[in-house]
>>> print(open('structure_14.csv').read())   # CSV, C-alpha atoms
chain,number,residue,atom,x,y,z
A,30,MET,CA,1.9,-5.3,28.7
A,31,PRO,CA,-1.1,-3.1,29.5
A,32,LEU,CA,-2.0,-0.3,27.0
A,33,ARG,CA,-0.5,2.5,29.1
A,34,SER,CA,2.9,0.8,29.4
A,35,ARG,CA,2.8,0.0,25.7
A,36,LEU,CA,2.1,3.6,24.8
A,37,TYR,CA,4.8,4.7,27.2
A,38,ALA,CA,7.3,2.4,25.5
A,39,ALA,CA,6.2,3.4,22.1
A,40,VAL,CA,6.5,7.1,23.0
A,41,LEU,CA,10.0,6.5,24.4
A,42,ALA,CA,11.1,4.6,21.2
A,43,LEU,CA,9.6,7.4,19.1
A,44,ILE,CA,11.4,10.2,21.0
A,45,PHE,CA,14.6,8.3,20.5
A,46,ALA,CA,14.0,7.8,16.8
A,47,VAL,CA,12.9,11.4,16.3
A,48,THR,CA,15.9,12.7,18.2
A,49,LEU,CA,18.2,10.6,16.0
A,50,SER,CA,16.5,11.7,12.8
A,51,ALA,CA,16.7,15.4,14.0
A,52,TYR,CA,20.3,15.3,13.2
A,53,ALA,CA,19.6,14.1,9.7
A,54,GLN,CA,16.6,16.2,8.6
A,55,ASP,CA,15.9,19.0,11.0
A,56,ASP,CA,13.3,20.7,8.8
A,57,GLN,CA,10.8,17.8,8.8
A,58,LEU,CA,11.0,17.2,12.5
A,59,LYS,CA,8.0,19.0,14.0
A,60,THR,CA,5.4,17.8,11.6
A,61,ALA,CA,6.6,14.2,11.6
A,62,SER,CA,6.8,13.9,15.4
A,63,LYS,CA,3.1,14.6,16.2
A,64,GLN,CA,1.8,12.8,13.2
A,65,GLU,CA,3.9,9.7,13.8
A,66,LEU,CA,3.0,9.5,17.4
A,67,ASP,CA,-0.8,9.8,16.7
A,68,ILE,CA,-0.5,7.1,14.1
A,69,ILE,CA,1.6,4.7,16.2
A,70,LYS,CA,-1.0,5.1,19.0
A,71,VAL,CA,-3.7,3.7,16.6
A,72,LEU,CA,-1.6,0.7,15.9
A,73,VAL,CA,-0.8,0.1,19.5
A,74,ALA,CA,-4.5,0.3,20.3
A,75,GLN,CA,-5.2,-2.2,17.5
A,76,GLU,CA,-2.7,-4.7,19.0
A,77,ASP,CA,-4.2,-4.2,22.4
A,78,ALA,CA,-7.8,-4.8,21.2
A,79,TRP,CA,-6.7,-7.9,19.2
A,80,ASN,CA,-4.9,-9.4,22.2
A,81,LYS,CA,-8.1,-8.9,24.3
A,82,GLY,CA,-10.0,-10.8,21.6
A,83,ASP,CA,-11.9,-7.6,20.8
A,84,LEU,CA,-12.3,-7.6,17.0
A,85,GLN,CA,-14.8,-4.8,17.1
A,86,GLY,CA,-12.2,-2.7,18.9
A,87,PHE,CA,-9.4,-3.8,16.5
A,88,ILE,CA,-11.6,-2.6,13.5
A,89,GLN,CA,-11.8,0.9,15.0
A,90,GLY,CA,-8.4,1.5,13.5
A,91,TYR,CA,-10.0,1.5,10.1
A,92,LYS,CA,-12.1,4.3,8.5
A,93,ASN,CA,-15.7,3.2,8.7
A,94,SER,CA,-16.4,3.7,4.9
A,95,PRO,CA,-17.4,1.4,2.1
A,96,ASP,CA,-14.3,2.7,0.3
A,97,THR,CA,-11.9,1.3,2.8
A,98,LEU,CA,-9.7,-1.4,1.1
A,99,PHE,CA,-8.2,-4.5,2.6
A,100,VAL,CA,-5.9,-6.2,0.2
A,101,THR,CA,-4.6,-9.7,0.9
A,102,HIS,CA,-4.8,-12.5,-1.7
A,103,GLN,CA,-7.9,-10.6,-2.9
A,104,VAL,CA,-9.5,-7.2,-2.3
A,105,PHE,CA,-12.1,-6.7,0.4
A,106,ARG,CA,-14.1,-3.5,0.5
A,107,GLY,CA,-15.6,-1.7,3.5
A,108,VAL,CA,-15.2,-2.3,7.2
A,109,ASP,CA,-18.2,-4.6,7.4
A,110,GLY,CA,-16.8,-7.0,4.8
A,111,MET,CA,-13.5,-6.9,6.6
A,112,LEU,CA,-15.0,-7.7,9.9
A,113,ASP,CA,-16.8,-10.7,8.4
A,114,GLU,CA,-13.5,-11.9,6.9
A,115,TYR,CA,-11.7,-11.6,10.2
A,116,ARG,CA,-14.6,-13.4,12.0
A,117,HIS,CA,-14.3,-16.2,9.4
A,118,ASN,CA,-10.6,-16.5,9.7
A,119,TYR,CA,-10.4,-16.0,13.5
A,120,PRO,CA,-13.6,-17.6,14.8
A,121,ASN,CA,-12.6,-17.6,18.5
A,122,ARG,CA,-10.1,-16.2,21.0
A,123,ALA,CA,-7.6,-19.1,20.6
A,124,ALA,CA,-7.6,-18.7,16.8
A,125,MET,CA,-6.7,-15.0,17.2
A,126,GLY,CA,-3.5,-15.8,19.2
A,127,THR,CA,-1.3,-13.0,20.3
A,128,LEU,CA,-0.5,-10.2,17.7
A,129,GLY,CA,2.6,-8.1,17.7
A,130,PHE,CA,3.6,-5.3,15.3
A,131,SER,CA,7.3,-4.5,14.7
A,132,GLU,CA,9.6,-2.5,12.5
A,133,LEU,CA,6.9,0.2,12.1
A,134,GLU,CA,7.8,3.2,9.9
A,135,VAL,CA,5.5,6.2,9.5
A,136,HIS,CA,6.0,8.0,6.2
A,137,GLY,CA,4.0,11.2,6.2
A,138,LEU,CA,2.7,12.3,2.8
A,139,ASP,CA,1.1,15.6,3.9
A,140,GLU,CA,-1.1,16.9,6.7
A,141,ARG,CA,-3.9,14.5,5.9
A,142,PHE,CA,-2.3,11.3,4.7
A,143,ALA,CA,0.5,9.0,5.7
A,144,VAL,CA,1.9,5.6,4.8
A,145,VAL,CA,3.0,3.1,7.4
A,146,ILE,CA,4.9,-0.1,6.7
A,147,GLY,CA,5.7,-2.8,9.2
A,148,LYS,CA,5.6,-6.4,10.1
A,149,TYR,CA,3.3,-8.5,12.2
A,150,HIS,CA,3.8,-11.7,14.1
A,151,LEU,CA,1.0,-13.9,15.3
A,152,ASP,CA,1.9,-16.2,18.1
A,153,ARG,CA,-0.6,-19.1,18.2
A,154,GLY,CA,-0.8,-22.7,19.1
A,155,LYS,CA,-0.3,-25.4,16.4
A,156,LYS,CA,-3.8,-26.6,16.9
A,157,GLU,CA,-5.2,-23.1,16.1
A,158,GLY,CA,-3.2,-22.8,12.9
A,159,GLY,CA,0.2,-22.1,14.2
A,160,ALA,CA,2.3,-18.9,14.2
A,161,ALA,CA,2.1,-16.5,11.3
A,162,ASP,CA,4.3,-13.7,10.0
A,163,GLY,CA,3.8,-11.1,7.4
A,164,ILE,CA,4.4,-7.6,6.1
A,165,PHE,CA,2.0,-4.8,5.7
A,166,SER,CA,1.7,-1.3,4.1
A,167,LEU,CA,-1.1,1.0,5.3
A,168,VAL,CA,-2.5,4.2,4.1
A,169,PHE,CA,-3.8,6.4,6.9
A,170,GLU,CA,-6.2,9.4,6.6
A,171,LYS,CA,-6.6,12.0,9.3
A,172,THR,CA,-10.4,12.0,9.7
A,173,ASP,CA,-12.7,13.8,12.2
A,174,GLN,CA,-12.4,10.7,14.3
A,175,GLY,CA,-8.6,10.8,14.2
A,176,TRP,CA,-6.1,8.9,12.1
A,177,LYS,CA,-7.7,5.9,10.4
A,178,ILE,CA,-6.5,3.2,8.0
A,179,ILE,CA,-8.1,3.5,4.5
A,180,VAL,CA,-6.0,1.0,2.7
A,181,ASP,CA,-4.4,-2.1,4.3
A,182,HIS,CA,-2.3,-4.4,2.2
A,183,THR,CA,-1.1,-7.4,4.2
A,184,SER,CA,1.0,-10.2,2.7
B,26,MET,CA,-0.1,-3.8,-29.1
B,27,PRO,CA,2.0,-0.6,-29.7
B,28,LEU,CA,2.0,2.0,-27.0
B,29,ARG,CA,-0.2,4.4,-28.9
B,30,SER,CA,-2.9,1.8,-29.4
B,31,ARG,CA,-2.7,0.7,-25.8
B,32,LEU,CA,-3.1,4.3,-24.6
B,33,TYR,CA,-6.0,4.7,-27.0
B,34,ALA,CA,-7.6,1.6,-25.6
B,35,ALA,CA,-6.9,2.7,-22.0
B,36,VAL,CA,-8.4,6.1,-22.7
B,37,LEU,CA,-11.5,4.6,-24.2
B,38,ALA,CA,-12.0,2.2,-21.3
B,39,LEU,CA,-11.5,5.1,-18.9
B,40,ILE,CA,-14.0,7.4,-20.7
B,41,PHE,CA,-16.5,4.6,-20.5
B,42,ALA,CA,-15.8,4.0,-16.8
B,43,VAL,CA,-15.9,7.7,-16.0
B,44,THR,CA,-19.2,8.2,-18.0
B,45,LEU,CA,-20.7,5.3,-16.0
B,46,SER,CA,-19.5,6.7,-12.7
B,47,ALA,CA,-20.8,10.2,-13.6
B,48,TYR,CA,-24.3,8.9,-13.0
B,49,ALA,CA,-23.2,7.7,-9.5
B,50,GLN,CA,-21.1,10.6,-8.2
B,51,ASP,CA,-21.3,13.6,-10.4
B,52,ASP,CA,-19.4,15.9,-8.0
B,53,GLN,CA,-16.1,13.9,-8.1
B,54,LEU,CA,-16.1,13.5,-11.8
B,55,LYS,CA,-13.7,16.3,-13.0
B,56,THR,CA,-10.9,15.8,-10.6
B,57,ALA,CA,-10.9,12.0,-10.9
B,58,SER,CA,-10.9,11.9,-14.6
B,59,LYS,CA,-7.7,13.8,-15.4
B,60,GLN,CA,-5.8,12.3,-12.4
B,61,GLU,CA,-6.9,8.8,-13.2
B,62,LEU,CA,-6.0,9.1,-16.9
B,63,ASP,CA,-2.5,10.5,-16.1
B,64,ILE,CA,-1.8,7.7,-13.6
B,65,ILE,CA,-3.2,4.9,-15.9
B,66,LYS,CA,-0.8,6.3,-18.6
B,67,VAL,CA,2.2,5.7,-16.3
B,68,LEU,CA,1.2,2.1,-15.8
B,69,VAL,CA,0.5,1.5,-19.5
B,70,ALA,CA,4.0,2.9,-20.2
B,71,GLN,CA,5.4,0.5,-17.6
B,72,GLU,CA,3.8,-2.5,-19.1
B,73,ASP,CA,5.1,-1.4,-22.5
B,74,ALA,CA,8.7,-0.9,-21.3
B,75,TRP,CA,8.7,-4.3,-19.5
B,76,ASN,CA,7.4,-6.1,-22.6
B,77,LYS,CA,10.2,-4.6,-24.6
B,78,GLY,CA,12.7,-5.9,-22.0
B,79,ASP,CA,13.4,-2.3,-21.0
B,80,LEU,CA,13.9,-2.4,-17.2
B,81,GLN,CA,15.4,1.1,-17.2
B,82,GLY,CA,12.2,2.3,-18.9
B,83,PHE,CA,10.0,0.3,-16.5
B,84,ILE,CA,11.7,1.9,-13.5
B,85,GLN,CA,10.8,5.4,-14.8
B,86,GLY,CA,7.4,4.8,-13.3
B,87,TYR,CA,8.9,5.1,-9.8
B,88,LYS,CA,10.0,8.3,-8.1
B,89,ASN,CA,13.8,8.5,-8.3
B,90,SER,CA,14.3,8.9,-4.5
B,91,PRO,CA,16.1,6.9,-1.8
B,92,ASP,CA,12.7,7.0,0.1
B,93,THR,CA,10.8,5.1,-2.6
B,94,LEU,CA,9.6,1.8,-1.1
B,95,PHE,CA,9.2,-1.5,-2.7
B,96,VAL,CA,7.5,-4.0,-0.4
B,97,THR,CA,7.3,-7.7,-1.3
B,98,HIS,CA,8.5,-10.4,1.1
B,99,GLN,CA,10.8,-7.7,2.4
B,100,VAL,CA,11.3,-4.0,2.1
B,101,PHE,CA,13.6,-2.5,-0.6
B,102,ARG,CA,14.5,1.2,-0.6
B,103,GLY,CA,15.3,3.5,-3.4
B,104,VAL,CA,15.1,3.0,-7.1
B,105,ASP,CA,18.7,1.7,-7.4
B,106,GLY,CA,18.1,-1.1,-5.0
B,107,MET,CA,14.8,-2.0,-6.8
B,108,LEU,CA,16.6,-2.1,-10.2
B,109,ASP,CA,19.2,-4.5,-8.7
B,110,GLU,CA,16.4,-6.7,-7.4
B,111,TYR,CA,14.6,-6.7,-10.7
B,112,ARG,CA,17.9,-7.5,-12.6
B,113,HIS,CA,18.5,-10.3,-10.1
B,114,ASN,CA,15.1,-11.8,-10.5
B,115,TYR,CA,14.7,-11.2,-14.3
B,116,PRO,CA,18.3,-11.6,-15.6
B,117,ASN,CA,17.2,-11.7,-19.3
B,118,ARG,CA,14.4,-11.0,-21.7
B,119,ALA,CA,13.0,-14.6,-21.5
B,120,ALA,CA,12.8,-14.4,-17.7
B,121,MET,CA,10.9,-11.1,-18.0
B,122,GLY,CA,8.1,-12.8,-20.0
B,123,THR,CA,5.0,-10.7,-20.9
B,124,LEU,CA,3.5,-8.5,-18.2
B,125,GLY,CA,-0.1,-7.5,-18.1
B,126,PHE,CA,-1.9,-5.3,-15.5
B,127,SER,CA,-5.7,-5.7,-14.9
B,128,GLU,CA,-8.5,-4.6,-12.6
B,129,LEU,CA,-6.7,-1.3,-12.1
B,130,GLU,CA,-8.5,1.1,-9.8
B,131,VAL,CA,-7.3,4.6,-9.1
B,132,HIS,CA,-8.3,6.1,-5.7
B,133,GLY,CA,-7.4,9.7,-5.6
B,134,LEU,CA,-6.5,11.0,-2.1
B,135,ASP,CA,-6.0,14.6,-2.9
B,136,GLU,CA,-4.3,16.7,-5.7
B,137,ARG,CA,-0.9,15.3,-5.0
B,138,PHE,CA,-1.4,11.7,-3.9
B,139,ALA,CA,-3.4,8.7,-5.1
B,140,VAL,CA,-3.6,5.0,-4.4
B,141,VAL,CA,-3.9,2.4,-7.2
B,142,ILE,CA,-4.8,-1.2,-6.7
B,143,GLY,CA,-4.6,-3.8,-9.4
B,144,LYS,CA,-3.5,-7.3,-10.5
B,145,TYR,CA,-0.6,-8.4,-12.6
B,146,HIS,CA,-0.1,-11.5,-14.7
B,147,LEU,CA,3.2,-12.6,-16.0
B,148,ASP,CA,3.1,-14.9,-19.0
B,149,ARG,CA,6.3,-16.9,-19.1
B,150,GLY,CA,7.6,-20.2,-20.3
B,151,LYS,CA,8.0,-23.0,-17.8
B,152,LYS,CA,11.8,-23.1,-18.3
B,153,GLU,CA,12.0,-19.4,-17.3
B,154,GLY,CA,10.1,-19.9,-14.1
B,155,GLY,CA,6.5,-20.2,-15.3
B,156,ALA,CA,3.6,-17.8,-15.2
B,157,ALA,CA,3.0,-15.7,-12.2
B,158,ASP,CA,0.1,-13.8,-10.8
B,159,GLY,CA,-0.2,-11.2,-8.0
B,160,ILE,CA,-1.9,-8.3,-6.5
B,161,PHE,CA,-0.5,-4.8,-5.9
B,162,SER,CA,-1.2,-1.5,-4.2
B,163,LEU,CA,0.7,1.5,-5.2
B,164,VAL,CA,1.0,5.0,-3.7
B,165,PHE,CA,1.5,7.7,-6.4
B,166,GLU,CA,2.8,11.2,-6.0
B,167,LYS,CA,2.4,14.0,-8.5
B,168,THR,CA,6.0,15.2,-8.9
B,169,ASP,CA,7.6,17.8,-11.2
B,170,GLN,CA,8.3,14.8,-13.5
B,171,GLY,CA,4.6,13.7,-13.4
B,172,TRP,CA,2.9,11.0,-11.4
B,173,LYS,CA,5.4,8.6,-9.9
B,174,ILE,CA,5.1,5.5,-7.6
B,175,ILE,CA,6.5,6.1,-4.2
B,176,VAL,CA,5.3,2.9,-2.5
B,177,ASP,CA,4.8,-0.4,-4.3
B,178,HIS,CA,3.5,-3.3,-2.3
B,179,THR,CA,3.3,-6.4,-4.6
B,180,SER,CA,2.2,-9.8,-3.3
>>> encode(input="structure_14.csv", output="structure tokens")
Amino acid sequence: MPLRSRLYAAVLALIFAVTLSAYAQDDQLKTASKQELDIIKVLVAQEDAWNKGDLQGFIQGYKNSPDTLFVTHQVFRGVDGMLDEYRHNYPNRAAMGTLGFSELEVHGLDERFAVVIGKYHLDRGKKEGGAADGIFSLVFEKTDQGWKIIVDHTS
Amino acid sequence: MPLRSRLYAAVLALIFAVTLSAYAQDDQLKTASKQELDIIKVLVAQEDAWNKGDLQGFIQGYKNSPDTLFVTHQVFRGVDGMLDEYRHNYPNRAAMGTLGFSELEVHGLDERFAVVIGKYHLDRGKKEGGAADGIFSLVFEKTDQGWKIIVDHTS
């Protein structure tokens, strides 16, 4: 699905979710809606970049800071280290497979920070390492360059 | 080590770390110091409660809210569900073993939120499931009841 259609689908899903939640918690509606949408867009753009084999584009979802943390079985620091790690684990387009995020939940903390949890599925041929599934929690910061991931814990 | 000694040791370690970092980033010193100390105390109290077999005490480190998230291989919501999960996985004192946190890092986001990453080691007899190791990232919120964990991702 091209980026525009994906965004359209994400926006529709979000409007539905927000409409539903409006009945539950009217007071938090306005803040949540814009923040959630802006953050979901970052993740949709990441999926899209990954699925074009564009690691440099994928990494744009992260804050370009030495303090950015990537937690897996160990802790990686800074976007440069993270990019090296990705290039090591996914040396070519086939190894990258097709990435899909699901069950995304945006939990706004305040105007500047939010937590997102979700799941990923990597569709990939057996020869390239096979399919993979996992769960992640992300901390997002609203920077001058838009919402960026500052902590990624993927397991 | 009793709680008071553990706190004392944690405070000493923190003063040392903060003194060192003062040379590196003088401007962030004051805010970081008090926040870090308060948060480290919560984790030390959690270790202590766990190692007394006091799950109810351990769970006090979490915000008592249905929105509190515990992410492992799946997502658990709310402190009650988390307590059930802990009771299921650690049915008795022997199964709980001896818990130790290490490599704790407090990353303050603002006055009200902070991220902590760290590692845990569970010392436990083979019959009770054996030793376990893992890594965690926590989001803390400063509530009226002090700093509490609102998102725990342990893997």
>>> closest_atom_pairs(input="structure_14.csv", of="chain A", to="chain B", cutoff="9 Å", atoms="all atoms listed in the file", output="CSV")
residue,atom,partner,partner_atom,distance
A:Val100,CA,B:Ser162,CA,8.0
A:Thr101,CA,B:Ser180,CA,8.0
A:His102,CA,B:Ile160,CA,7.0
A:Gln103,CA,B:Ile160,CA,7.4
A:Val104,CA,B:Ile160,CA,8.8
A:Leu138,CA,B:Phe138,CA,7.9
A:Phe142,CA,B:Leu134,CA,8.0
A:Val144,CA,B:Val176,CA,8.5
A:Ile146,CA,B:Val96,CA,8.5
A:Gly163,CA,B:His98,CA,7.9
A:Ile164,CA,B:His98,CA,7.0
A:Phe165,CA,B:Val96,CA,8.3
A:Ser166,CA,B:His178,CA,6.9
A:Val168,CA,B:Val164,CA,8.6
A:Glu170,CA,B:Leu134,CA,8.9
A:Val180,CA,B:Val140,CA,8.5
A:His182,CA,B:Ser162,CA,7.1
A:Thr183,CA,B:Ser180,CA,8.5
A:Ser184,CA,B:Ser180,CA,6.1
>>> atom_distance(input="structure_14.csv", atom1="atom CA of Gly158 of chain A", atom2="atom CA of Gly82 of chain A")
16.3 Å
>>> atom_distance(input="structure_14.csv", atom1="atom CA of Asp67 of chain A", atom2="atom CA of Leu133 of chain A")
13.1 Å
>>> atom_distance(input="structure_14.csv", atom1="atom CA of Asp148 of chain B", atom2="atom CA of Ile175 of chain B")
25.9 Å
>>> closest_residue(input="structure_14.csv", among="A:Ala123, A:Leu72, A:Leu84, A:Val135", to="Arg153 of chain A", atoms="only C-alpha atoms")
A:Ala123
>>> residues_around(input="structure_14.csv", residues="Gln89 of chain A", least_positions_apart="3", cutoff="12 Å", atoms="all atoms listed in the file", output="list in words")
Val71, Leu72, Val73, Ala74, Gln75, Glu76, Asp77, Ala78, Trp79, Asp83, Leu84, Gln85, Gly86, Lys92, Asn93, Ser94, Val108, Asp109, Met111, Leu112, Gln174, Gly175, Trp176, Lys177, Ile178 and Ile179 of chain A
